[in-house]
2 protein chains.
Amino acid sequence: MRHRPEERRRPTMKDVAALAGVSMKTVSRVINDEPMVSPDVATRVMSAVGQLNYQPDQRAGSLRRAGRKSETIGLVVSSVANPFAAAINRAVENTARARDIAVFASSIDDDPEREQPTVEALLRRRVDGLILTTVRKSQSYLLSEQAFGTPIVFVDREPAGVEADAVMSDHARGASTAARHLLDHGHTRIAYLGDLSTIQSARERRRGFLKELGVRGVPTADCPIVMDLHDAAAAERVTLQLLTGPEPPTAIFSSQNLLTVGAIRALRSLAAHDSIALVGFDDLPLADLLEPGVTVIAQDPHRIGTLAANLLFARLDGNTEEPRNYIVETALIARGSGEILPRDR
Amino acid sequence: MRHRPEERRRPTMKDVAALAGVSMKTVSRVINDEPMVSPDVATRVMSAVGQLNYQPDQRAGSLRRAGRKSETIGLVVSSVANPFAAAINRAVENTARARDIAVFASSIDDDPEREQPTVEALLRRRVDGLILTTVRKSQSYLLSEQAFGTPIVFVDREPAGVEADAVMSDHARGASTAARHLLDHGHTRIAYLGDLSTIQSARERRRGFLKELGVRGVPTADCPIVMDLHDAAAAERVTLQLLTGPEPPTAIFSSQNLLTVGAIRALRSLAAHDSIALVGFDDLPLADLLEPGVTVIAQDPHRIGTLAANLLFARLDGNTEEPRNYIVETALIARGSGEILPRDR
DNA sequence: ATGAAAGCGCTAACAT
DNA sequence: ATGTTAGCGCTTTCAT
């Protein structure tokens with residue numbers, strides 16, 4: 001037996017008008033809560049709307065409406081499967097919902113090849129604004145779109161080739177804080193695990209880390225820097241190698257949440273989690289329940305997302321201030337793993 | 001100084017046609033890769049497109065185009081901030097991307113009041129299909145939309161008042177398995193932590209749990225069932241109460257991931273994590289790294305999301321089979337916490 | 001191979 | 001307070 005619910009044609013405003021015995025414009029007035037409709041006509045229209053299960057077509061409406069706004073924004077993140085991006089996504093959505101704005105969310109897995117096609121797919125759908133986590137070397141392909149009046153806010157990373165608002169953690173500062181924390185606990189052989197060097201924030205974090213080493217006069221030759229690690233498995237592999245190699249580090253700074261997970265797994269498998277210090281950039285859901293608790297430089301993705309969305313809506317509301325970078329503070333949360341002292345082995 | 005990038009009018013297909021010296025229809029043909037355009041005309045059009053930075057307006061296109069499809073689907077989940085929903089979201093997105101379909105994602109926090117307005121906001125935007133995690137008692141408000149030809153697939157929970165495909169874990173079976181596992185380890189005083197009883201899957205899990213107790217002849221009076229816990233804090237509070245009260249349970253079954261987190265926190269604060277058994281429904285990111293590892297009934301949200309999206313697209317492609325429920329198997333992952341034996345206290 | 005006219009579902013601008 | 005006409009940016013249909 002086949003399933004084909006008897007298909008009815010979707011009613012249009014014209015159908016509603018006919019049933020209510022009024023003109024389309026009157027229906028339009030009722031639907032949009034415009035004044036100048038007598039109460040009885042309004043009820044007649046609403047009853048027709050109910051009978052037909054009419055839902056206005058927002059595409060058609062927005063096409064003609066002044067401003068041509070689609071009441072829709074586009075959000076591009078690395079991956080909603082990552083709790084950091086998920087929290088940003090959630091915050092943006094919350095802010096948008098208050099204005100009846102729908103959100104297109106797209107994950108691009110930090111793949112530069114996917115950035116522009118993804119953004120263009122959103123632009124063809126005429127989103128009113130964009131919130132973007134970018135990976136390409138330059139975002140100058142957005143210049144024309146900006147000229148057409150579409151506001152853009154960057155999150156987590158600074159753009160290149162465009163002037164626009166950007167909201168992010170102070171990556172370099174956070175990484176410096178992590179380095180200082182480990183140095184203060186006596187470590188001088190600190191391994192650095194870094195994300196893809198195509199990612200601006202990954203480069204910033206490395207910079208902050210190296211800067212702090214410099215300030216303290218710690219020879220960077222003793223601190224292996226491994227970049228371009230993009231998942232837990234890669235971080236785990238590298239950590240194992242470093243710890244089982246000659247002159248192993250006494251501390252690890254994993255500069256991204258998934259890398260921290262990989263580092264933890266490696267430490268566990270070597271039973272070194274109580275002897276090798278670990279600090280991670282970005283918090284993890286159960287980090288406080290592990291033993292030892294994982295010391296992290298916590299970001300505030302909820303604040304980042306909320307701020308980004310509010311900035312975008314302010315631009316849509318006509319704000320013409322100079323675009324600038326907004327920094328959301330990070331916080332060192334000491335839970336144990338980062339306070340382990342170096343031991344001779 | 002004020003920031004107002006000189007606003008240019010967004011070019012339309014008409015502008016492209018004028019610049020290329022052809023008719024609009026010819027531009028349309030080139031844009032849509034229709035045959036019957038001479039190569040030189042095509043290049044002239046493409047060059048005009050490039051010069052003007054023209055992007056076709058998909059809203060306008062879809063309005064007239066046969067089928068009136070918006071190349072867009074709507075996804076409603078509990079919250080993208082929950083890893084289970086995030087994984088579903090990601091899987092849906094991946095499947096949609098392969099077809100150039102954009103995804104509107106909305107979190108409704110399992111609030112029945114928000115379900116219908118959220119869905120209707122998507123329908124006004126004329127999504128081609130819906131993937132829904134619902135909470136209302138009935139989804140019959142979707143009947144008319146179904147009659148207009150919009151396919152709907154339910155995820156994680158079974159709908160009421162509508163016939164449609166649904167993809168979910170076997171909640172009752174998973175809960176039975178958890179109960180059996182604890183019973184097999186000698187527990188007869190098992191506390192049950194449940195999500196909101198408005199949620200169909202939460203009721204199913206409780207049913208599965210109780211059923212297994214019945215099969216084994218365990219008096220349910222010894223097994224406190226606490227429903228309507230919706231976050232970690234609530235679960236933590238209740239767990240503390242149960243464990244510090246008279247005749248405390250020797251095991252806990254927390255039937256949702258956030259509740260499991262709350263239960264773990266409570267066990268930790270009482271230093272009871274090595275003496276009270278714990279099984280959770282749905283896996284947690286670092287569950288294997290805790291001590292003891294958390295035994296869970298793991299779901300497969302990636303498979304659920306992928307299957308749901310594929311079903312939706314099959315319907316859009318004309319599949320008219322009887323709608324049915326698709327079950328994605330759960331798996332018991334024993335990691336330690338669920339294998340703790342009861343002790344007299 | 002190309003174009004002109006009509007129309008998708010709606011709202012703006014102007015009647016009445 | 002209500003209706004009429006034109007037109008949003010595009011695709012369809014039908015010419016040529």
# chains A, B, ... in the order shown; residues from 1 in each chain; ligands from 1
>>> interface_residues(of="chain D", to="chain B", cutoff="7 Å", atoms="only C-alpha atoms (C1' of nucleotides)", output="number ranges by chain")
D: 9-11
>>> write_last_selection(atoms="N, CA and C atoms (P, O5', C5', C4', C3', O3' and C1' of nucleotides)", output="PDB file, in the first residue's frame")
ATOM      1  P    DG D   9      14.535  43.946  -7.724  1.00  0.00           P
ATOM      2  O5'  DG D   9      14.776  42.445  -8.149  1.00  0.00           O
ATOM      3  C5'  DG D   9      15.084  41.475  -7.170  1.00  0.00           C
ATOM      4  C4'  DG D   9      14.943  40.111  -7.808  1.00  0.00           C
ATOM      5  C3'  DG D   9      15.778  39.922  -9.081  1.00  0.00           C
ATOM      6  O3'  DG D   9      16.482  38.710  -8.975  1.00  0.00           O
ATOM      7  C1'  DG D   9      13.550  39.324  -9.468  1.00  0.00           C
ATOM      8  P    DC D  10      17.501  38.209 -10.092  1.00  0.00           P
ATOM      9  O5'  DC D  10      16.651  37.066 -10.831  1.00  0.00           O
ATOM     10  C5'  DC D  10      16.535  35.806 -10.239  1.00  0.00           C
ATOM     11  C4'  DC D  10      15.183  35.201 -10.550  1.00  0.00           C
ATOM     12  C3'  DC D  10      15.090  34.390 -11.844  1.00  0.00           C
ATOM     13  O3'  DC D  10      15.547  33.076 -11.559  1.00  0.00           O
ATOM     14  C1'  DC D  10      13.101  35.658 -11.388  1.00  0.00           C
ATOM     15  P    DT D  11      15.873  32.095 -12.775  1.00  0.00           P
ATOM     16  O5'  DT D  11      14.423  31.546 -13.149  1.00  0.00           O
ATOM     17  C5'  DT D  11      13.708  30.761 -12.217  1.00  0.00           C
ATOM     18  C4'  DT D  11      12.366  30.393 -12.804  1.00  0.00           C
ATOM     19  C3'  DT D  11      12.436  29.480 -14.027  1.00  0.00           C
ATOM     20  O3'  DT D  11      11.367  28.565 -13.914  1.00  0.00           O
ATOM     21  C1'  DT D  11      11.266  31.446 -14.587  1.00  0.00           C
TER      22       DT D  11
END
>>> interface_residues(of="chain A", to="chain B", cutoff="7 Å", atoms="only C-alpha atoms", output="number ranges by chain")
A: 1-10, 53, 55-60, 63, 80-81, 83, 86-87, 90, 102-105, 124-126, 144, 147-149, 286, 289-290, 320-322
>>> write_last_selection(atoms="C-alpha atoms", output="PDB file, in the first residue's frame")
ATOM      1  CA  MET A   1       0.000   0.000   0.000  1.00  0.00           C
ATOM      2  CA  ARG A   2       1.230   3.410  -1.006  1.00  0.00           C
ATOM      3  CA  HIS A   3       1.257   6.524   1.016  1.00  0.00           C
ATOM      4  CA  ARG A   4       0.160   9.643  -0.722  1.00  0.00           C
ATOM      5  CA  PRO A   5      -1.837  11.933   1.473  1.00  0.00           C
ATOM      6  CA  GLU A   6      -4.274  13.585  -0.913  1.00  0.00           C
ATOM      7  CA  GLU A   7      -2.335  16.640  -2.014  1.00  0.00           C
ATOM      8  CA  ARG A   8      -4.142  19.882  -1.716  1.00  0.00           C
ATOM      9  CA  ARG A   9      -2.907  23.014  -3.367  1.00  0.00           C
ATOM     10  CA  ARG A  10      -1.382  25.378  -0.857  1.00  0.00           C
ATOM     11  CA  ASN A  53      -4.705  26.832   7.050  1.00  0.00           C
ATOM     12  CA  GLN A  55       0.442  30.636   6.035  1.00  0.00           C
ATOM     13  CA  PRO A  56       1.839  33.721   4.307  1.00  0.00           C
ATOM     14  CA  ASP A  57       4.793  33.123   2.004  1.00  0.00           C
ATOM     15  CA  GLN A  58       7.617  35.139   3.480  1.00  0.00           C
ATOM     16  CA  ARG A  59       9.774  34.734   0.378  1.00  0.00           C
ATOM     17  CA  ALA A  60       7.189  36.436  -1.761  1.00  0.00           C
ATOM     18  CA  LEU A  63      10.690  40.224  -2.358  1.00  0.00           C
ATOM     19  CA  VAL A  80      28.438  22.474  15.448  1.00  0.00           C
ATOM     20  CA  ALA A  81      29.717  19.164  16.749  1.00  0.00           C
ATOM     21  CA  PRO A  83      31.005  22.423  21.914  1.00  0.00           C
ATOM     22  CA  ALA A  86      27.707  24.839  19.407  1.00  0.00           C
ATOM     23  CA  ALA A  87      27.621  27.374  22.234  1.00  0.00           C
ATOM     24  CA  ARG A  90      23.052  28.582  20.470  1.00  0.00           C
ATOM     25  CA  ALA A 102      15.782  32.481  11.404  1.00  0.00           C
ATOM     26  CA  VAL A 103      19.344  31.208  11.313  1.00  0.00           C
ATOM     27  CA  PHE A 104      21.021  29.193   8.571  1.00  0.00           C
ATOM     28  CA  ALA A 105      23.875  27.361  10.254  1.00  0.00           C
ATOM     29  CA  ARG A 124      21.932  33.574  -2.913  1.00  0.00           C
ATOM     30  CA  ARG A 125      19.286  33.040  -0.267  1.00  0.00           C
ATOM     31  CA  ARG A 126      19.607  36.723   0.549  1.00  0.00           C
ATOM     32  CA  SER A 144      31.079  43.660  -2.964  1.00  0.00           C
ATOM     33  CA  ALA A 147      28.871  47.387  -0.576  1.00  0.00           C
ATOM     34  CA  PHE A 148      25.378  46.046  -1.213  1.00  0.00           C
ATOM     35  CA  GLY A 149      24.684  46.717   2.445  1.00  0.00           C
ATOM     36  CA  LEU A 286      33.671  17.290  32.093  1.00  0.00           C
ATOM     37  CA  LEU A 289      35.586  15.687  36.913  1.00  0.00           C
ATOM     38  CA  LEU A 290      38.701  14.118  35.472  1.00  0.00           C
ATOM     39  CA  THR A 320      27.417  53.163  11.281  1.00  0.00           C
ATOM     40  CA  GLU A 321      30.235  53.302  13.811  1.00  0.00           C
ATOM     41  CA  GLU A 322      33.692  52.333  12.668  1.00  0.00           C
TER      42      GLU A 322
END
>>> interface_residues(of="chain B", to="chain C", cutoff="7 Å", atoms="only C-alpha atoms (C1' of nucleotides)", output="CSV table (one decimal) with N, CA and C atoms, in the first residue's frame")
chain,number,residue,atom,x,y,z
B,23,SER,N,19.0,39.3,-23.7
B,23,SER,CA,17.8,39.3,-22.9
B,23,SER,C,17.9,38.6,-21.6
B,26,THR,N,18.1,34.9,-21.6
B,26,THR,CA,19.4,34.3,-22.0
B,26,THR,C,20.4,34.2,-20.7
B,36,MET,N,21.3,25.2,-25.2
B,36,MET,CA,20.9,26.2,-26.2
B,36,MET,C,21.4,27.6,-26.0
B,37,VAL,N,22.6,27.7,-25.6
B,37,VAL,CA,23.2,29.0,-25.6
B,37,VAL,C,24.6,28.9,-26.3
B,38,SER,N,24.8,29.8,-27.2
B,38,SER,CA,26.1,29.7,-28.0
B,38,SER,C,27.2,30.1,-27.0
B,63,LEU,N,10.3,31.2,-6.4
B,63,LEU,CA,8.9,31.6,-6.4
B,63,LEU,C,8.2,31.2,-7.7
B,64,ARG,N,8.9,31.4,-8.8
B,64,ARG,CA,8.3,31.1,-10.1
B,64,ARG,C,8.6,29.7,-10.5
>>> atom_distance(atom1="CA of Gly129 (chain B)", atom2="CA of Ile152 (chain B)")
5.8 Å
>>> residues_around(residues="Ser138 (chain B)", least_positions_apart="4", cutoff="12 Å", atoms="only C-alpha atoms (C1' of nucleotides)", output="list in words")
Pro112, Glu115, Gln116, Thr134, Leu142, Leu143, Arg157, Glu158, Pro159, Ala160, Gly161, Val162, Glu163, Thr198, Ile199 and Gln200 of chain B
>>> write_last_selection(atoms="C-alpha atoms", output="PDB file, in the first residue's frame")
ATOM      1  CA  PRO B 112       5.998  22.579  24.199  1.00  0.00           C
ATOM      2  CA  GLU B 115       7.270  23.965  19.208  1.00  0.00           C
ATOM      3  CA  GLN B 116       4.464  25.197  16.986  1.00  0.00           C
ATOM      4  CA  THR B 134       8.881  17.366  19.126  1.00  0.00           C
ATOM      5  CA  LEU B 142       1.051  19.566  10.860  1.00  0.00           C
ATOM      6  CA  LEU B 143      -1.646  17.638   9.019  1.00  0.00           C
ATOM      7  CA  ARG B 157      10.770  10.817  19.389  1.00  0.00           C
ATOM      8  CA  GLU B 158       7.589   9.428  17.965  1.00  0.00           C
ATOM      9  CA  PRO B 159       4.955  11.949  16.908  1.00  0.00           C
ATOM     10  CA  ALA B 160       1.270  11.796  17.803  1.00  0.00           C
ATOM     11  CA  GLY B 161      -1.624  12.721  15.579  1.00  0.00           C
ATOM     12  CA  VAL B 162       0.392  12.509  12.337  1.00  0.00           C
ATOM     13  CA  GLU B 163       1.670   9.705  10.184  1.00  0.00           C
ATOM     14  CA  THR B 198       6.117  15.435  28.484  1.00  0.00           C
ATOM     15  CA  ILE B 199       8.878  13.942  26.350  1.00  0.00           C
ATOM     16  CA  GLN B 200       7.818  10.756  24.618  1.00  0.00           C
TER      17      GLN B 200
END
>>> select_by_dssp(residues="region 115-243 of chain B", states="strand (DSSP E)", output="number ranges by chain")
B: 129-132, 152-155, 165-169, 190-193, 225-226
>>> select_by_dssp(residues="region 75-192 of chain A", states="helix (DSSP H, G or I)", output="ChimeraX atom specification")
/A:83-97,112-124,140-147,171-184
>>> write_last_selection(atoms="N, CA and C atoms", output="compact mmCIF listing (two decimals), in the first residue's frame")
# COMPACT_ATOMS: atom_id res chain seq x y z
N PRO A 83 31.77 21.69 20.91
CA PRO A 83 31.00 22.42 21.91
C PRO A 83 31.23 23.93 21.89
N PHE A 84 32.40 24.38 21.48
CA PHE A 84 32.67 25.81 21.40
C PHE A 84 31.76 26.45 20.35
N ALA A 85 31.75 25.86 19.17
CA ALA A 85 30.91 26.38 18.09
C ALA A 85 29.43 26.20 18.42
N ALA A 86 29.11 25.09 19.06
CA ALA A 86 27.71 24.84 19.41
C ALA A 86 27.19 25.92 20.35
N ALA A 87 28.04 26.34 21.28
CA ALA A 87 27.62 27.37 22.23
C ALA A 87 27.43 28.71 21.53
N ILE A 88 28.29 29.02 20.58
CA ILE A 88 28.14 30.25 19.79
C ILE A 88 26.83 30.18 19.01
N ASN A 89 26.65 29.06 18.35
CA ASN A 89 25.44 28.83 17.56
C ASN A 89 24.19 29.07 18.41
N ARG A 90 24.20 28.47 19.58
CA ARG A 90 23.05 28.58 20.47
C ARG A 90 22.80 30.04 20.87
N ALA A 91 23.86 30.75 21.18
CA ALA A 91 23.72 32.14 21.60
C ALA A 91 23.18 33.01 20.47
N VAL A 92 23.68 32.77 19.27
CA VAL A 92 23.21 33.52 18.11
C VAL A 92 21.72 33.25 17.89
N GLU A 93 21.39 31.99 17.98
CA GLU A 93 20.00 31.61 17.78
C GLU A 93 19.08 32.29 18.80
N ASN A 94 19.48 32.28 20.03
CA ASN A 94 18.68 32.92 21.08
C ASN A 94 18.44 34.39 20.79
N THR A 95 19.51 35.06 20.40
CA THR A 95 19.40 36.48 20.13
C THR A 95 18.52 36.72 18.91
N ALA A 96 18.65 35.88 17.91
CA ALA A 96 17.88 36.03 16.68
C ALA A 96 16.40 35.75 16.92
N ARG A 97 16.12 34.77 17.72
CA ARG A 97 14.74 34.39 17.97
C ARG A 97 13.93 35.55 18.53
N PRO A 112 39.36 25.74 3.99
CA PRO A 112 39.35 26.99 3.21
C PRO A 112 38.57 26.85 1.90
N GLU A 113 38.59 25.67 1.33
CA GLU A 113 37.89 25.43 0.06
C GLU A 113 36.38 25.57 0.20
N ARG A 114 35.92 25.33 1.40
CA ARG A 114 34.47 25.33 1.57
C ARG A 114 33.94 26.67 2.02
N GLU A 115 34.83 27.56 2.41
CA GLU A 115 34.37 28.84 2.96
C GLU A 115 33.53 29.64 1.96
N GLN A 116 34.13 29.96 0.82
CA GLN A 116 33.42 30.84 -0.11
C GLN A 116 32.14 30.22 -0.69
N PRO A 117 32.18 28.98 -1.15
CA PRO A 117 30.94 28.38 -1.65
C PRO A 117 29.83 28.38 -0.60
N THR A 118 30.19 28.13 0.64
CA THR A 118 29.19 28.11 1.71
C THR A 118 28.58 29.49 1.91
N VAL A 119 29.44 30.49 1.94
CA VAL A 119 28.95 31.86 2.11
C VAL A 119 28.08 32.26 0.92
N GLU A 120 28.51 31.88 -0.27
CA GLU A 120 27.72 32.27 -1.45
C GLU A 120 26.36 31.60 -1.49
N ALA A 121 26.30 30.38 -1.00
CA ALA A 121 25.01 29.71 -0.93
C ALA A 121 24.06 30.51 -0.02
N LEU A 122 24.63 31.08 1.04
CA LEU A 122 23.82 31.90 1.94
C LEU A 122 23.41 33.20 1.28
N LEU A 123 24.33 33.79 0.53
CA LEU A 123 24.03 35.07 -0.13
C LEU A 123 22.96 34.92 -1.20
N ARG A 124 22.98 33.80 -1.91
CA ARG A 124 21.93 33.57 -2.91
C ARG A 124 20.56 33.51 -2.24
N SER A 140 38.34 39.10 1.09
CA SER A 140 38.03 40.23 0.22
C SER A 140 36.91 39.91 -0.77
N TYR A 141 36.62 38.64 -0.94
CA TYR A 141 35.50 38.28 -1.81
C TYR A 141 34.17 38.79 -1.25
N LEU A 142 34.21 39.28 -0.01
CA LEU A 142 32.99 39.80 0.61
C LEU A 142 32.81 41.30 0.43
N LEU A 143 33.81 41.95 -0.17
CA LEU A 143 33.75 43.40 -0.30
C LEU A 143 32.52 43.87 -1.07
N SER A 144 32.22 43.20 -2.18
CA SER A 144 31.08 43.66 -2.96
C SER A 144 29.78 43.46 -2.18
N GLU A 145 29.69 42.35 -1.49
CA GLU A 145 28.49 42.10 -0.71
C GLU A 145 28.31 43.17 0.38
N GLN A 146 29.42 43.55 0.97
CA GLN A 146 29.36 44.62 1.97
C GLN A 146 28.84 45.91 1.34
N ALA A 147 29.30 46.17 0.12
CA ALA A 147 28.87 47.39 -0.58
C ALA A 147 27.37 47.35 -0.87
N HIS A 171 43.34 35.58 21.99
CA HIS A 171 44.04 34.30 21.85
C HIS A 171 45.48 34.36 22.35
N ALA A 172 46.18 35.41 21.92
CA ALA A 172 47.60 35.52 22.29
C ALA A 172 47.75 35.67 23.80
N ARG A 173 46.91 36.52 24.37
CA ARG A 173 46.97 36.75 25.80
C ARG A 173 46.66 35.47 26.59
N GLY A 174 45.63 34.77 26.15
CA GLY A 174 45.27 33.52 26.81
C GLY A 174 46.41 32.53 26.77
N ALA A 175 47.04 32.45 25.61
CA ALA A 175 48.15 31.50 25.46
C ALA A 175 49.33 31.93 26.32
N SER A 176 49.57 33.24 26.40
CA SER A 176 50.64 33.74 27.26
C SER A 176 50.37 33.36 28.71
N THR A 177 49.12 33.54 29.10
CA THR A 177 48.74 33.19 30.48
C THR A 177 49.01 31.72 30.76
N ALA A 178 48.66 30.88 29.80
CA ALA A 178 48.91 29.45 29.97
C ALA A 178 50.39 29.18 30.12
N ALA A 179 51.19 29.80 29.26
CA ALA A 179 52.65 29.60 29.31
C ALA A 179 53.19 30.08 30.66
N ARG A 180 52.74 31.26 31.07
CA ARG A 180 53.22 31.82 32.33
C ARG A 180 52.89 30.88 33.49
N HIS A 181 51.70 30.36 33.45
CA HIS A 181 51.25 29.45 34.52
C HIS A 181 52.18 28.24 34.63
N LEU A 182 52.52 27.68 33.48
CA LEU A 182 53.40 26.51 33.48
C LEU A 182 54.82 26.90 33.89
N LEU A 183 55.27 28.04 33.39
CA LEU A 183 56.61 28.51 33.76
C LEU A 183 56.68 28.78 35.26
N ASP A 184 55.62 29.37 35.78
CA ASP A 184 55.56 29.66 37.22
C ASP A 184 55.62 28.39 38.06
>>> atom_distance(atom1="CA of Leu193 (chain B)", atom2="CA of Gly280 (chain B)")
9.4 Å
>>> residues_around(residues="Gly186 (chain B)", least_positions_apart="4", cutoff="10 Å", atoms="only C-alpha atoms (C1' of nucleotides)", output="list of chain:residue names")
B:Arg180, B:His181, B:Leu182, B:Thr250, B:Ala251, B:Glu339, B:Ile340, B:Leu341, B:Pro342, B:Arg343
>>> write_last_selection(atoms="C-alpha atoms", output="compact mmCIF listing (two decimals), in the first residue's frame")
# COMPACT_ATOMS: atom_id res chain seq x y z
CA ARG B 180 19.22 -5.77 33.31
CA HIS B 181 22.87 -4.86 33.52
CA LEU B 182 22.45 -3.44 37.00
CA THR B 250 22.91 1.03 45.49
CA ALA B 251 22.71 1.97 41.83
CA GLU B 339 29.82 -2.85 37.10
CA ILE B 340 30.17 -1.77 40.71
CA LEU B 341 28.58 -4.35 43.01
CA PRO B 342 26.16 -3.42 45.78
CA ARG B 343 27.59 -3.26 49.27
>>> atom_distance(atom1="CA of Ser254 (chain A)", atom2="CA of Gly194 (chain A)")
6.7 Å
>>> residues_around(residues="Ala334 (chain A)", least_positions_apart="4", cutoff="7 Å", atoms="only C-alpha atoms (C1' of nucleotides)", output="list of chain:residue names")
A:Thr295, A:Val296, A:Gly338
>>> decode(residues="region 18-46 of chain B", atoms="C-alpha atoms", output="compact mmCIF listing (two decimals), in the first residue's frame")
# COMPACT_ATOMS: atom_id res chain seq x y z
CA ALA B 18 21.84 44.95 -20.20
CA LEU B 19 25.60 44.81 -19.71
CA ALA B 20 25.94 41.65 -21.78
CA GLY B 21 23.58 42.99 -24.42
CA VAL B 22 21.22 40.04 -24.25
CA SER B 23 17.76 39.33 -22.92
CA MET B 24 17.05 38.31 -19.34
CA LYS B 25 16.02 34.88 -20.47
CA THR B 26 19.45 34.31 -21.96
CA VAL B 27 21.12 35.26 -18.71
CA SER B 28 18.75 32.91 -16.91
CA ARG B 29 19.76 30.14 -19.29
CA VAL B 30 23.43 30.68 -18.63
CA ILE B 31 23.02 30.90 -14.86
CA ASN B 32 21.04 27.70 -14.77
CA ASP B 33 23.23 25.78 -17.20
CA GLU B 34 20.39 25.27 -19.60
CA PRO B 35 21.39 24.15 -23.09
CA MET B 36 20.88 26.17 -26.25
CA VAL B 37 23.22 29.05 -25.64
CA SER B 38 26.10 29.72 -27.96
CA PRO B 39 29.48 29.62 -26.22
CA ASP B 40 30.37 33.22 -27.01
CA VAL B 41 27.11 34.55 -25.61
CA ALA B 42 27.69 32.44 -22.52
CA THR B 43 31.13 33.92 -21.94
CA ARG B 44 29.80 37.43 -22.46
CA VAL B 45 27.14 36.79 -19.84
CA MET B 46 29.57 35.25 -17.39
